[in-house]
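So this block is protein_39.txt, compact mmCIF, C-alpha atoms and all ligand atoms:
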```txt
# COMPACT_ATOMS: atom_id res chain seq x y z
CA MET A 792 70.93 87.36 128.62
CA ASN A 793 68.43 87.02 125.74
CA GLU A 794 69.65 86.14 122.26
CA LEU A 795 69.47 89.64 120.79
CA ALA A 796 71.26 91.14 123.75
CA GLN A 797 73.99 88.52 123.36
CA GLN A 798 74.44 89.41 119.71
CA ASP A 799 74.86 93.09 120.48
CA TYR A 800 77.16 92.60 123.39
CA GLU A 801 80.76 93.56 122.75
CA PRO A 802 82.69 92.93 125.94
CA PRO A 803 85.31 95.33 127.19
CA LEU A 804 88.85 94.00 126.99
CA GLY A 805 90.17 92.19 130.01
CA LEU A 806 86.94 90.37 130.85
CA ASP A 807 86.74 86.62 131.20
CA PHE A 808 85.45 85.92 127.71
CA SER A 809 84.67 82.28 128.33
CA SER A 810 81.28 83.20 129.79
CA ILE A 811 80.11 85.11 126.72
CA GLU A 812 80.87 82.70 123.93
CA VAL A 813 78.28 83.12 121.19
CA VAL A 814 77.95 81.05 118.06
CA LEU A 815 75.11 82.38 116.01
CA GLU A 816 73.37 80.47 113.23
CA THR A 817 72.74 82.81 110.33
CA ASN A 818 71.50 80.47 107.64
CA THR A 819 68.33 82.40 106.89
CA ALA A 820 67.91 85.95 105.72
CA GLU A 821 65.37 86.48 108.45
CA ASN A 822 67.81 86.06 111.31
CA SER A 823 68.76 89.29 113.01
CA LEU A 824 72.50 89.65 113.32
CA PHE A 825 72.62 93.09 114.82
CA SER A 826 70.40 95.53 116.61
CA THR A 827 69.04 98.33 114.42
CA THR A 828 70.30 100.80 117.01
CA GLU A 829 73.83 100.03 115.81
CA PHE A 830 73.23 101.03 112.20
CA PRO A 831 73.46 104.83 112.35
CA THR A 832 76.84 104.87 114.04
CA SER A 833 79.12 104.29 111.04
CA ASP A 834 81.65 106.93 110.02
CA PHE A 835 81.89 105.57 106.45
CA ASN A 836 80.49 108.15 104.06
CA VAL A 837 81.02 107.27 100.40
CA ILE A 838 78.31 106.04 98.00
CA SER A 839 79.22 105.93 94.32
CA PRO A 840 76.63 107.11 91.75
CA GLU A 841 75.78 103.63 90.37
CA THR A 842 75.39 102.20 93.84
CA GLU A 843 73.24 105.17 94.83
CA LYS A 844 70.85 104.31 91.96
CA PHE A 845 70.58 100.77 93.32
CA ARG A 846 69.96 102.04 96.84
CA ALA A 847 67.25 104.45 95.65
CA LYS A 848 65.52 101.71 93.64
CA TYR A 849 65.63 98.78 96.07
CA PHE A 850 66.09 100.42 99.47
CA PRO A 851 64.20 103.73 99.12
CA PHE A 852 63.51 103.93 102.85
CA THR A 853 67.06 103.19 103.89
CA THR A 854 69.04 106.23 104.95
CA GLU A 855 72.59 106.88 103.77
CA LYS A 856 73.74 106.34 107.34
CA GLN A 857 72.13 102.92 107.42
CA TRP A 858 73.49 101.96 104.00
CA ASN A 859 76.98 102.98 105.13
CA SER A 860 76.77 100.81 108.23
CA TRP A 861 78.59 97.51 107.71
CA ARG A 862 76.21 95.87 110.16
CA TRP A 863 73.23 97.03 108.09
CA GLN A 864 74.92 95.61 104.98
CA VAL A 865 75.41 92.19 106.64
CA GLN A 866 71.93 92.22 108.10
CA ASN A 867 70.38 92.96 104.71
CA SER A 868 72.57 90.71 102.62
CA TYR A 869 71.03 88.36 100.05
CA ALA A 870 71.12 84.93 101.64
CA ASN A 871 68.54 83.06 99.53
CA PHE A 872 67.37 82.95 95.90
CA LYS A 873 63.97 84.40 96.67
CA LYS A 874 65.47 87.60 97.96
CA LEU A 875 68.18 87.67 95.32
CA SER A 876 65.59 87.40 92.54
CA GLU A 877 64.21 90.78 93.60
CA VAL A 878 67.32 92.41 92.14
CA LEU A 879 68.77 89.82 89.75
CA ASP A 880 67.44 87.71 86.95
CA THR A 881 67.84 84.24 88.45
CA SER A 882 65.46 82.57 85.97
CA ASP A 883 68.21 80.34 84.59
CA ILE A 884 68.49 78.80 88.05
CA ASP A 885 65.20 76.91 87.85
CA ASP A 886 65.80 74.32 90.56
CA VAL A 887 64.44 75.65 93.83
CA ASP A 888 66.26 72.95 95.79
CA PHE A 889 69.51 73.88 94.19
CA LEU A 890 71.26 75.20 97.25
CA ALA A 891 70.15 72.24 99.35
CA LYS A 892 71.56 69.84 96.76
CA SER A 893 74.75 71.76 96.20
CA ARG A 894 77.92 71.30 98.14
CA LYS A 895 76.42 73.52 100.79
CA LEU A 896 78.51 76.61 100.18
CA PRO A 897 76.03 79.19 101.42
CA LEU A 898 74.74 82.14 99.48
CA ARG A 899 75.44 85.57 100.90
CA ILE A 900 75.95 88.82 98.99
CA THR A 901 75.94 92.28 100.53
CA PRO A 902 73.57 94.84 98.96
CA TYR A 903 76.65 96.95 98.20
CA TYR A 904 78.29 94.14 96.18
CA ALA A 905 75.00 93.30 94.43
CA SER A 906 74.80 96.96 93.37
CA LEU A 907 77.88 96.37 91.22
CA PHE A 908 76.11 93.85 88.96
CA TYR A 909 72.32 94.03 89.48
CA GLY A 910 69.69 93.88 86.72
CA ASN A 911 70.43 91.35 84.01
CA PRO A 912 73.99 90.45 84.71
CA SER A 913 74.51 87.60 82.25
CA GLY A 914 78.22 87.15 81.79
CA ASN A 915 79.13 89.65 84.49
CA ALA A 916 82.39 88.64 86.16
CA LEU A 917 81.40 89.62 89.69
CA TYR A 918 78.03 87.88 89.34
CA LYS A 919 79.75 84.65 88.28
CA SER A 920 82.08 84.74 91.26
CA VAL A 921 79.36 84.95 93.95
CA VAL A 922 76.01 83.74 92.51
CA PRO A 923 75.53 79.95 92.67
CA ASN A 924 75.67 78.04 89.40
CA LYS A 925 74.37 74.54 88.67
CA LEU A 926 77.83 73.56 87.48
CA GLU A 927 78.70 73.42 91.19
CA LEU A 928 76.87 70.09 91.24
CA VAL A 929 79.42 68.56 88.86
CA VAL A 930 82.17 66.97 90.91
CA SER A 931 85.26 66.14 88.89
CA PRO A 932 88.22 63.80 89.55
CA GLY A 933 90.81 65.22 91.92
CA GLU A 934 88.38 67.51 93.72
CA GLU A 935 88.04 67.26 97.48
CA ASN A 936 86.59 69.18 100.40
CA ASP A 937 89.87 70.21 101.97
CA PRO A 938 92.27 70.07 99.02
CA LEU A 939 95.14 71.61 100.97
CA HIS A 940 94.68 69.12 103.83
CA GLU A 941 94.68 71.98 106.29
CA GLU A 942 92.76 69.99 108.88
CA SER A 943 95.59 67.46 109.11
CA MET A 944 98.03 70.28 109.83
CA CYS A 945 96.16 71.71 112.80
CA PRO A 946 97.98 71.10 116.11
CA VAL A 947 94.89 72.61 117.75
CA ASP A 948 91.48 73.33 116.22
CA ASN A 949 91.50 75.98 113.48
CA LEU A 950 95.22 76.71 113.58
CA VAL A 951 97.16 75.56 110.51
CA HIS A 952 100.89 75.12 111.08
CA ARG A 953 102.23 74.21 107.64
CA TYR A 954 105.41 76.30 107.38
CA PRO A 955 108.10 76.37 110.09
CA ASP A 956 107.88 79.99 111.21
CA ARG A 957 104.27 80.99 110.54
CA VAL A 958 100.74 79.87 111.26
CA LEU A 959 97.31 80.47 109.79
CA MET A 960 94.57 81.12 112.30
CA LEU A 961 91.03 80.39 111.10
CA SER A 962 89.29 82.86 113.36
CA THR A 963 85.68 82.62 112.15
CA GLY A 964 83.54 80.59 109.78
CA PHE A 965 81.56 83.58 108.56
CA CYS A 966 82.02 85.78 105.47
CA SER A 967 79.99 88.78 104.33
CA VAL A 968 80.04 87.36 100.79
CA TYR A 969 80.70 83.74 99.83
CA CYS A 970 82.91 83.18 96.79
CA ARG A 971 81.73 80.17 94.77
CA TYR A 972 85.29 78.83 94.48
CA CYS A 973 86.21 79.11 98.17
CA THR A 974 89.07 76.85 99.27
CA ARG A 975 87.61 76.80 102.78
CA THR A 976 84.13 75.72 101.77
CA HIS A 977 84.31 73.03 104.45
CA MET A 978 84.81 75.73 107.02
CA VAL A 979 82.32 78.39 105.92
CA GLU A 980 79.54 76.04 104.79
CA LYS A 981 77.41 76.60 107.88
CA ASP A 982 77.38 80.39 107.47
CA LYS A 983 77.91 80.79 111.17
CA LYS A 984 79.05 83.92 112.85
CA HIS A 985 81.49 82.97 115.56
CA TYR A 986 82.16 85.18 118.46
CA GLY A 987 84.79 82.59 119.10
CA ILE A 988 86.86 84.14 121.82
CA LYS A 989 86.94 80.95 123.83
CA ALA A 990 87.70 78.97 120.69
CA TRP A 991 90.82 81.09 120.12
CA GLU A 992 92.34 80.33 123.50
CA LYS A 993 94.06 77.10 122.46
CA SER A 994 95.47 78.70 119.32
CA ILE A 995 96.87 81.64 121.26
CA GLU A 996 98.34 79.25 123.81
CA TYR A 997 99.96 77.14 121.07
CA ILE A 998 101.51 80.23 119.48
CA ARG A 999 102.71 81.45 122.87
CA ASN A 1000 104.40 78.10 123.50
CA THR A 1001 106.02 77.84 120.06
CA PRO A 1002 108.89 80.34 119.82
CA ALA A 1003 109.59 79.48 116.17
CA ILE A 1004 106.37 81.25 115.12
CA ARG A 1005 107.19 84.81 114.07
CA ASP A 1006 104.31 85.46 111.65
CA VAL A 1007 100.59 84.90 112.29
CA VAL A 1008 97.99 85.14 109.52
CA ILE A 1009 94.48 85.75 110.83
CA SER A 1010 92.02 84.48 108.28
CA GLY A 1011 88.80 82.48 108.22
CA GLY A 1012 86.09 82.92 106.98
CA ASP A 1013 86.66 86.61 107.10
CA PRO A 1014 88.10 88.10 110.30
CA LEU A 1015 86.92 91.60 109.41
CA THR A 1016 83.34 90.43 109.97
CA LEU A 1017 84.19 90.25 113.68
CA PRO A 1018 83.29 93.21 115.89
CA ASP A 1019 86.16 95.57 116.72
CA LYS A 1020 86.47 94.51 120.33
CA HIS A 1021 86.70 90.82 119.52
CA LEU A 1022 89.24 91.48 116.81
CA GLU A 1023 91.19 93.69 119.19
CA PHE A 1024 91.16 90.99 121.85
CA LEU A 1025 92.70 88.57 119.35
CA ILE A 1026 95.28 90.97 117.93
CA ALA A 1027 96.26 92.30 121.36
CA SER A 1028 96.70 88.73 122.61
CA LEU A 1029 99.00 87.92 119.69
CA ARG A 1030 100.90 91.19 120.04
CA SER A 1031 101.63 90.37 123.67
CA ILE A 1032 103.65 87.33 122.54
CA PRO A 1033 107.27 88.51 122.19
CA HIS A 1034 108.27 86.19 119.34
CA VAL A 1035 105.31 87.16 117.11
CA GLU A 1036 106.94 89.72 114.83
CA ILE A 1037 104.21 90.39 112.30
CA ILE A 1038 100.44 89.92 112.19
CA ARG A 1039 98.67 89.58 108.87
CA ILE A 1040 94.93 89.83 108.27
CA GLY A 1041 93.50 88.00 105.25
CA SER A 1042 90.19 89.50 104.11
CA LYS A 1043 87.85 90.12 101.19
CA VAL A 1044 85.88 92.65 103.20
CA PRO A 1045 87.53 95.79 101.74
CA MET A 1046 86.27 94.67 98.29
CA VAL A 1047 82.77 93.44 99.19
CA LEU A 1048 81.94 95.39 102.35
CA PRO A 1049 84.14 98.51 102.27
CA GLN A 1050 81.81 100.13 104.82
CA ARG A 1051 83.49 97.89 107.42
CA ILE A 1052 86.68 99.97 107.18
CA THR A 1053 85.65 102.55 109.73
CA ASN A 1054 87.99 105.10 111.23
CA SER A 1055 87.61 103.38 114.57
CA LEU A 1056 88.69 100.03 113.09
CA VAL A 1057 91.89 101.38 111.55
CA LYS A 1058 92.61 103.44 114.67
CA MET A 1059 92.45 100.23 116.67
CA LEU A 1060 94.58 98.24 114.21
CA LYS A 1061 97.37 100.80 114.06
CA LYS A 1062 98.00 100.33 117.79
CA TYR A 1063 99.37 96.85 117.06
CA HIS A 1064 101.87 97.43 114.26
CA PRO A 1065 103.42 95.86 112.28
CA ILE A 1066 100.09 94.81 110.78
CA TYR A 1067 99.78 93.64 107.18
CA MET A 1068 96.62 92.98 105.21
CA SER A 1069 96.18 90.51 102.36
CA ILE A 1070 93.18 91.63 100.35
CA HIS A 1071 91.28 89.17 98.18
CA ALA A 1072 90.60 91.02 94.91
CA THR A 1073 88.96 89.39 91.91
CA HIS A 1074 88.28 91.88 89.13
CA PRO A 1075 88.96 95.55 88.26
CA ASP A 1076 85.22 96.30 88.52
CA GLU A 1077 85.59 95.91 92.28
CA ILE A 1078 87.71 99.05 92.55
CA THR A 1079 84.94 101.58 93.22
CA PRO A 1080 85.02 104.93 95.06
CA GLU A 1081 83.97 103.02 98.19
CA VAL A 1082 86.90 100.60 97.87
CA ILE A 1083 89.28 103.48 97.16
CA GLU A 1084 88.12 105.13 100.39
CA ALA A 1085 88.49 101.89 102.36
CA CYS A 1086 92.01 101.22 101.08
CA THR A 1087 93.03 104.84 101.63
CA ARG A 1088 92.02 104.52 105.28
CA ILE A 1089 93.95 101.27 105.65
CA ALA A 1090 97.07 102.64 103.94
CA ASP A 1091 96.93 105.91 105.90
CA ALA A 1092 96.97 103.83 109.08
CA GLY A 1093 100.34 102.45 107.99
CA ILE A 1094 99.02 98.99 107.21
CA VAL A 1095 100.86 97.41 104.28
CA MET A 1096 98.45 95.81 101.83
CA GLY A 1097 99.07 93.00 99.34
CA SER A 1098 96.54 91.43 97.00
CA GLN A 1099 95.51 87.82 96.46
CA THR A 1100 93.57 86.88 93.34
CA VAL A 1101 92.20 83.50 92.32
CA LEU A 1102 92.48 82.89 88.59
CA LEU A 1103 88.95 82.09 87.38
CA LYS A 1104 87.73 81.02 83.95
CA GLY A 1105 85.32 83.55 82.46
CA VAL A 1106 85.97 85.99 85.30
CA ASN A 1107 89.54 87.27 85.16
CA ASP A 1108 91.45 84.88 82.90
CA SER A 1109 92.99 87.36 80.49
CA VAL A 1110 96.12 89.47 80.47
CA GLU A 1111 94.12 92.66 79.92
CA ILE A 1112 91.78 92.09 82.88
CA MET A 1113 94.62 91.10 85.20
CA LYS A 1114 96.79 94.02 84.09
CA ASN A 1115 93.92 96.41 84.65
CA LEU A 1116 93.28 94.92 88.11
CA MET A 1117 96.93 95.10 89.13
CA HIS A 1118 97.21 98.71 87.95
CA LYS A 1119 94.10 99.71 89.85
CA LEU A 1120 95.35 97.98 92.99
CA LEU A 1121 98.72 99.73 92.83
CA LYS A 1122 96.94 103.08 92.53
CA ILE A 1123 95.18 102.44 95.83
CA ARG A 1124 98.42 101.30 97.49
CA VAL A 1125 97.75 97.56 97.37
CA LYS A 1126 100.83 95.68 96.12
CA PRO A 1127 99.87 92.80 93.78
CA TYR A 1128 101.10 89.74 95.67
CA TYR A 1129 99.64 86.42 94.49
CA ILE A 1130 97.61 85.00 91.63
CA TYR A 1131 96.43 81.53 92.68
CA GLN A 1132 95.53 78.62 90.50
CA CYS A 1133 91.95 77.82 91.56
CA ASP A 1134 91.99 75.02 94.15
CA PRO A 1135 90.16 71.76 93.27
CA ILE A 1136 87.23 71.94 95.68
CA PRO A 1137 84.14 69.90 94.70
CA GLY A 1138 82.20 71.51 91.86
CA SER A 1139 84.88 73.99 90.83
CA SER A 1140 85.94 72.62 87.42
CA HIS A 1141 83.98 75.33 85.57
CA PHE A 1142 86.24 77.90 87.24
CA ARG A 1143 89.59 76.22 86.67
CA THR A 1144 91.89 77.26 83.85
CA PRO A 1145 94.82 75.25 82.46
CA VAL A 1146 97.99 76.06 84.39
CA THR A 1147 99.45 77.50 81.18
CA LYS A 1148 96.84 80.32 81.40
CA GLY A 1149 98.49 81.62 84.58
CA LEU A 1150 101.91 81.45 82.93
CA GLU A 1151 100.53 83.31 79.90
CA ILE A 1152 99.25 86.06 82.21
CA ILE A 1153 102.60 86.44 83.99
CA GLN A 1154 104.33 86.51 80.59
CA GLY A 1155 101.90 89.18 79.46
CA LEU A 1156 102.73 91.33 82.48
CA ARG A 1157 106.51 90.90 82.83
CA GLY A 1158 108.23 93.59 80.78
CA PHE A 1159 104.93 95.16 79.77
CA THR A 1160 104.17 96.87 83.07
CA SER A 1161 105.95 97.98 86.25
CA GLY A 1162 107.62 95.22 88.23
CA TYR A 1163 105.55 96.34 91.21
CA ALA A 1164 102.40 95.37 89.29
CA ILE A 1165 103.47 91.75 88.86
CA PRO A 1166 102.27 89.20 91.42
CA HIS A 1167 103.60 85.67 91.88
CA PHE A 1168 101.61 82.95 90.17
CA VAL A 1169 101.35 80.01 92.56
CA ILE A 1170 99.72 76.62 92.91
CA ASP A 1171 98.86 75.62 96.44
CA ALA A 1172 100.07 72.02 96.22
CA PRO A 1173 97.27 69.49 96.81
CA GLY A 1174 97.68 67.57 100.03
CA GLY A 1175 99.43 70.36 101.88
CA GLY A 1176 102.68 70.88 99.97
CA GLY A 1177 102.44 74.65 100.32
CA LYS A 1178 102.62 77.36 97.67
CA ILE A 1179 104.72 76.54 94.63
CA PRO A 1180 105.60 79.52 92.39
CA LEU A 1181 105.51 79.02 88.64
CA LEU A 1182 107.40 81.12 86.12
CA PRO A 1183 107.42 81.22 82.33
CA GLU A 1184 110.52 79.76 80.68
CA TYR A 1185 112.89 82.71 80.91
CA TYR A 1186 115.72 80.31 81.75
CA GLN A 1187 116.23 78.15 78.65
CA GLY A 1188 119.15 76.02 79.79
CA ARG A 1189 122.94 75.86 79.71
CA ASP A 1190 125.40 75.79 76.82
CA GLY A 1191 128.90 75.17 78.23
CA ASN A 1192 129.96 78.24 80.20
CA ASN A 1193 126.89 80.16 79.13
CA ILE A 1194 123.27 80.09 80.09
CA ILE A 1195 120.58 80.85 77.56
CA LEU A 1196 117.89 83.36 78.56
CA LYS A 1197 114.72 84.55 76.85
CA ASN A 1198 113.47 88.09 77.47
CA PHE A 1199 109.92 89.40 77.63
CA GLU A 1200 109.89 89.95 73.82
CA GLY A 1201 110.89 86.34 73.18
CA LYS A 1202 114.44 87.31 72.13
CA THR A 1203 117.24 84.94 73.16
CA PHE A 1204 120.36 86.10 75.02
CA THR A 1205 123.54 84.36 76.13
CA TYR A 1206 124.86 85.13 79.60
CA TYR A 1207 128.43 84.12 80.53
CA ASP A 1208 128.17 82.04 83.70
CA PRO A 1209 131.16 79.67 83.99
CA ILE A 1210 130.59 76.42 85.82
S1 LIG B 1301 85.99 85.62 101.42
FE1 LIG B 1301 87.58 84.01 101.51
S2 LIG B 1301 86.88 82.56 103.05
FE2 LIG B 1301 85.10 83.82 102.48
S3 LIG B 1301 84.08 82.71 100.84
FE3 LIG B 1301 85.49 84.11 99.84
S4 LIG B 1301 87.37 82.90 99.55
FE4 LIG B 1301 86.12 81.81 101.10
```

As structure tokens - that is how I would like this structure written.
Ligand code: SF4
Amino acid sequence: MNELAQQDYEPPLGLDFSSIEVVLETNTAENSLFSTTEFPTSDFNVISPETEKFRAKYFPFTTEKQWNSWRWQVQNSYANFKKLSEVLDTSDIDDVDFLAKSRKLPLRITPYYASLFYGNPSGNALYKSVVPNKLELVVSPGEENDPLHEESMCPVDNLVHRYPDRVLMLSTGFCSVYCRYCTRTHMVEKDKKHYGIKAWEKSIEYIRNTPAIRDVVISGGDPLTLPDKHLEFLIASLRSIPHVEIIRIGSKVPMVLPQRITNSLVKMLKKYHPIYMSIHATHPDEITPEVIEACTRIADAGIVMGSQTVLLKGVNDSVEIMKNLMHKLLKIRVKPYYIYQCDPIPGSSHFRTPVTKGLEIIQGLRGFTSGYAIPHFVIDAPGGGGKIPLLPEYYQGRDGNNIILKNFEGKTFTYYDPI
């Protein structure tokens, strides 16, 4: 089978997948990920007015059908500065070797996502979160490649078993967009697309042989960059294990590549309920008509969505931005779930806020908006201690048979609670 044919080949379920393992290097923009014959088949059909202007200006010969194909979006993503400079002012990044010198987190931005901040985006929140910055070269104390020590908690490759009853399966090392603060930089740094069916076998076997596991999170990289049939093979394999109660998919795709949420994808997913989806959302500007359509399709398929947001300096570190984001998420049926303190990966200090900033944001939400709009603020403990929730000081202490409480307005109350 030649290379292109291999890339296009989606095997029917039930085949022996070990013979069709494909790991595809995608480090250059020139590499072909998909056959052009696949582009016109998408059933996604929303292009917002601002994005349409971008398409008309930079892709005048691209049809709406092509633009709405997630494969076209991945194929045409910006994966080097030269290409990115066609649509963005990258003049402040004057070092051509920058990416080679950096900590090797690749550059990849879908044309759709670039359409949300093209032109002269200085100070734009979405731009800052995905366009490389020279500050990435500054490595500060306490930063490390795998700050959560996930690799030491893998009983088999790419399966993290940190908590007693759940596991995290790192299903691919590829993302359609690379976030500059990614906790899994060490995993996605090669920008490889895995058709890793053989690589999943040991993980599936481990889960099958470990009855305590009732919850499997499929993450990566981004699992929604996998073709439907590969994803279905994985989900169907997990669903066939009696003690696996719920399957969760962790993804940023609905925010950066909403075209991926085809009717055929959600039709496949709904066969394997209960399925949950944790959606990585960064800023209210991400909630476009395209994203609304994608989340509507997911919700209508009965998939429960929660959000995960990394708190980032200069991007979303204010009560107003976070409140706006949480409100917009609730409106599209995504329950705000976590705000994370940014993990200390190398070159991330320009993104990190003091921990008190997260507490200030929770304090600014609690009492001032619906309880449903309030996520947990957590620190993923360095070294693999797991998520630790942090709360503002509502509990002030004890005074004899009373405890002292502070409400959202800062008023103090005494609550009778005999010892
Ligand atoms: S989508 Fe997730 S895994 Fe991919 S770069 Fe962003 S944070 Fe990392």

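Using only C-alpha atoms and all ligand atoms, the smallest distance between any of A:Gln1099, A:Asn836, A:Ser913, A:Gln1187 and ligand LIG 1301 (chain B) comes from A:Gln1099.
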
How would you report the residues lying within 6 Å of ligand LIG 1301 (chain B), as a ChimeraX atom specification, if you count all atoms listed in the file? /A:966,969-970,973,975,1011-1013,1043

Output file for the selection above: C-alpha atoms, as a PDB file, in the coordinates of the input:
```
ATOM      1  CA  CYS A 966      82.020  85.780 105.470  1.00  0.00           C
ATOM      2  CA  TYR A 969      80.700  83.740  99.830  1.00  0.00           C
ATOM      3  CA  CYS A 970      82.910  83.180  96.790  1.00  0.00           C
ATOM      4  CA  CYS A 973      86.210  79.110  98.170  1.00  0.00           C
ATOM      5  CA  ARG A 975      87.610  76.800 102.780  1.00  0.00           C
ATOM      6  CA  GLY A1011      88.800  82.480 108.220  1.00  0.00           C
ATOM      7  CA  GLY A1012      86.090  82.920 106.980  1.00  0.00           C
ATOM      8  CA  ASP A1013      86.660  86.610 107.100  1.00  0.00           C
ATOM      9  CA  LYS A1043      87.850  90.120 101.190  1.00  0.00           C
TER      10      LYS A1043
END
```

Sorted by chain and rising residue number, list the residues of segment 1046-1069 of chain A at most 12 Å from segment 1025-1031 of chain A (counting all atoms listed in the file), each with its closest atom pair and distance in Å to one decimal, as CSV.
```
residue,atom,partner,partner_atom,distance
A:Met1059,CA,A:Ile1026,CA,9.8
A:Leu1060,CA,A:Ile1026,CA,8.2
A:Lys1061,CA,A:Ile1026,CA,10.8
A:Lys1062,CA,A:Ala1027,CA,9.0
A:Tyr1063,CA,A:Arg1030,CA,6.6
A:His1064,CA,A:Arg1030,CA,8.6
A:Pro1065,CA,A:Arg1030,CA,9.4
A:Ile1066,CA,A:Ile1026,CA,9.4
A:Tyr1067,CA,A:Ile1026,CA,12.0
```

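Note that atom CA of Ser1109 of chain A and atom CA of Pro912 of chain A are 19.7 Å apart.
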
Which is closer to Phe835 of chain A than all the others in A:Ile1052, A:Ile1179, A:Ile1195, A:Val1007, using all atoms listed in the file? A:Ile1052

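Closest approach to Gln1050 of chain A from the set A:Tyr1186, A:Tyr904, A:Phe850, A:Tyr1206 is made by A:Tyr904, with distances taken over all atoms listed in the file.
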
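Candidate residues A:Thr1016, A:Val922, A:Glu980, A:Tyr909 were compared for distance to Gln864 of chain A, and the nearest is A:Thr1016, using all atoms listed in the file.
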
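Atom pair atom CA of Ala1092 of chain A / atom CA of Leu1015 of chain A: separated by 15.8 Å.
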
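With distances taken over all atoms listed in the file, A:His1167 is the one residue among A:Arg971, A:His1118, A:Lys873, A:His1167 lying closest to Ile1153 of chain A.
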
Could you list as a PyMOL selection string every residue that has an atom within 12 Å of (81.3, 86.6, 92.7), using the file's coordinates and counting all atoms listed in the file? chain A and resi 898-901+904-905+907-908+912+914-924+967-973+1043+1046-1047+1071-1074+1076-1077+1101+1103+1105-1107+1142

With all atoms listed in the file as the counted atoms, please give the residues lying no more than 7 Å from segment 1079-1082 of chain A, apart from itself and same-chain residues fewer than 5 positions off, as a ChimeraX atom specification. /A:837-839,1045-1046,1049

May I have the selected residues written with C-alpha atoms, as a CSV table (one decimal), in the frame of the given file?
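For reference, out.csv as written:
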```csv
chain,number,residue,atom,x,y,z
A,837,VAL,CA,81.0,107.3,100.4
A,838,ILE,CA,78.3,106.0,98.0
A,839,SER,CA,79.2,105.9,94.3
A,1045,PRO,CA,87.5,95.8,101.7
A,1046,MET,CA,86.3,94.7,98.3
A,1049,PRO,CA,84.1,98.5,102.3
```

For Pro1127 of chain A, work out the shell of residues within 9 Å, counting all atoms listed in the file and skipping chain neighbours fewer than 2 positions away, then give it as a PyMOL selection string. chain A and resi 1096-1100+1116-1118+1120-1121+1125+1129-1130+1163-1167

Could you check which of A:Gly1158, A:Ile1152, A:Thr1144, A:Gly1174 is closest to Ile1112 of chain A, using all atoms listed in the file? A:Ile1152

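Here atom CA of Ala1090 of chain A stands at a distance of 29.0 Å from atom CA of Ala1003 of chain A.
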
Which residues are close to Leu1102 of chain A, i.e. within 6 Å by only C-alpha atoms, leaving aside same-chain residues fewer than 5 positions away? Reply as JSON, numbers by chain. {"A": [1131, 1132, 1133]}

Can you pull out every residue within 9 Å of Val930 of chain A, counting only C-alpha atoms, but drop anything in the same chain fewer than 3 positions away, and send it as a PyMOL selection string? chain A and resi 926-927+933-935+1136-1140

Export: segment 996-1007 of chain A, N, CA and C atoms, as a CSV table (one decimal), in the first residue's frame:
```csv
chain,number,residue,atom,x,y,z
A,996,GLU,N,-6.4,-3.9,27.1
A,996,GLU,CA,-6.2,-5.1,27.9
A,996,GLU,C,-6.0,-4.8,29.4
A,997,TYR,N,-5.3,-3.8,29.7
A,997,TYR,CA,-5.1,-3.4,31.1
A,997,TYR,C,-6.4,-3.1,31.7
A,998,ILE,N,-7.2,-2.3,31.0
A,998,ILE,CA,-8.5,-1.9,31.5
A,998,ILE,C,-9.4,-3.1,31.7
A,999,ARG,N,-9.4,-4.0,30.7
A,999,ARG,CA,-10.2,-5.2,30.8
A,999,ARG,C,-9.8,-6.0,32.0
A,1000,ASN,N,-8.5,-6.0,32.3
A,1000,ASN,CA,-8.1,-6.9,33.5
A,1000,ASN,C,-8.1,-6.2,34.8
A,1001,THR,N,-8.6,-5.0,34.8
A,1001,THR,CA,-8.6,-4.2,36.1
A,1001,THR,C,-10.0,-3.8,36.4
A,1002,PRO,N,-10.8,-4.6,37.2
A,1002,PRO,CA,-12.2,-4.4,37.4
A,1002,PRO,C,-12.5,-3.1,38.2
A,1003,ALA,N,-11.5,-2.6,38.9
A,1003,ALA,CA,-11.7,-1.3,39.7
A,1003,ALA,C,-12.0,-0.1,38.7
A,1004,ILE,N,-11.6,-0.2,37.5
A,1004,ILE,CA,-11.7,0.9,36.6
A,1004,ILE,C,-13.2,1.0,36.1
A,1005,ARG,N,-13.8,2.1,36.5
A,1005,ARG,CA,-15.2,2.3,36.0
A,1005,ARG,C,-15.4,3.5,35.1
A,1006,ASP,N,-14.3,4.3,34.9
A,1006,ASP,CA,-14.4,5.5,34.2
A,1006,ASP,C,-13.1,5.7,33.4
A,1007,VAL,N,-13.3,5.8,32.0
A,1007,VAL,CA,-12.1,6.0,31.2
A,1007,VAL,C,-12.2,7.3,30.5
```
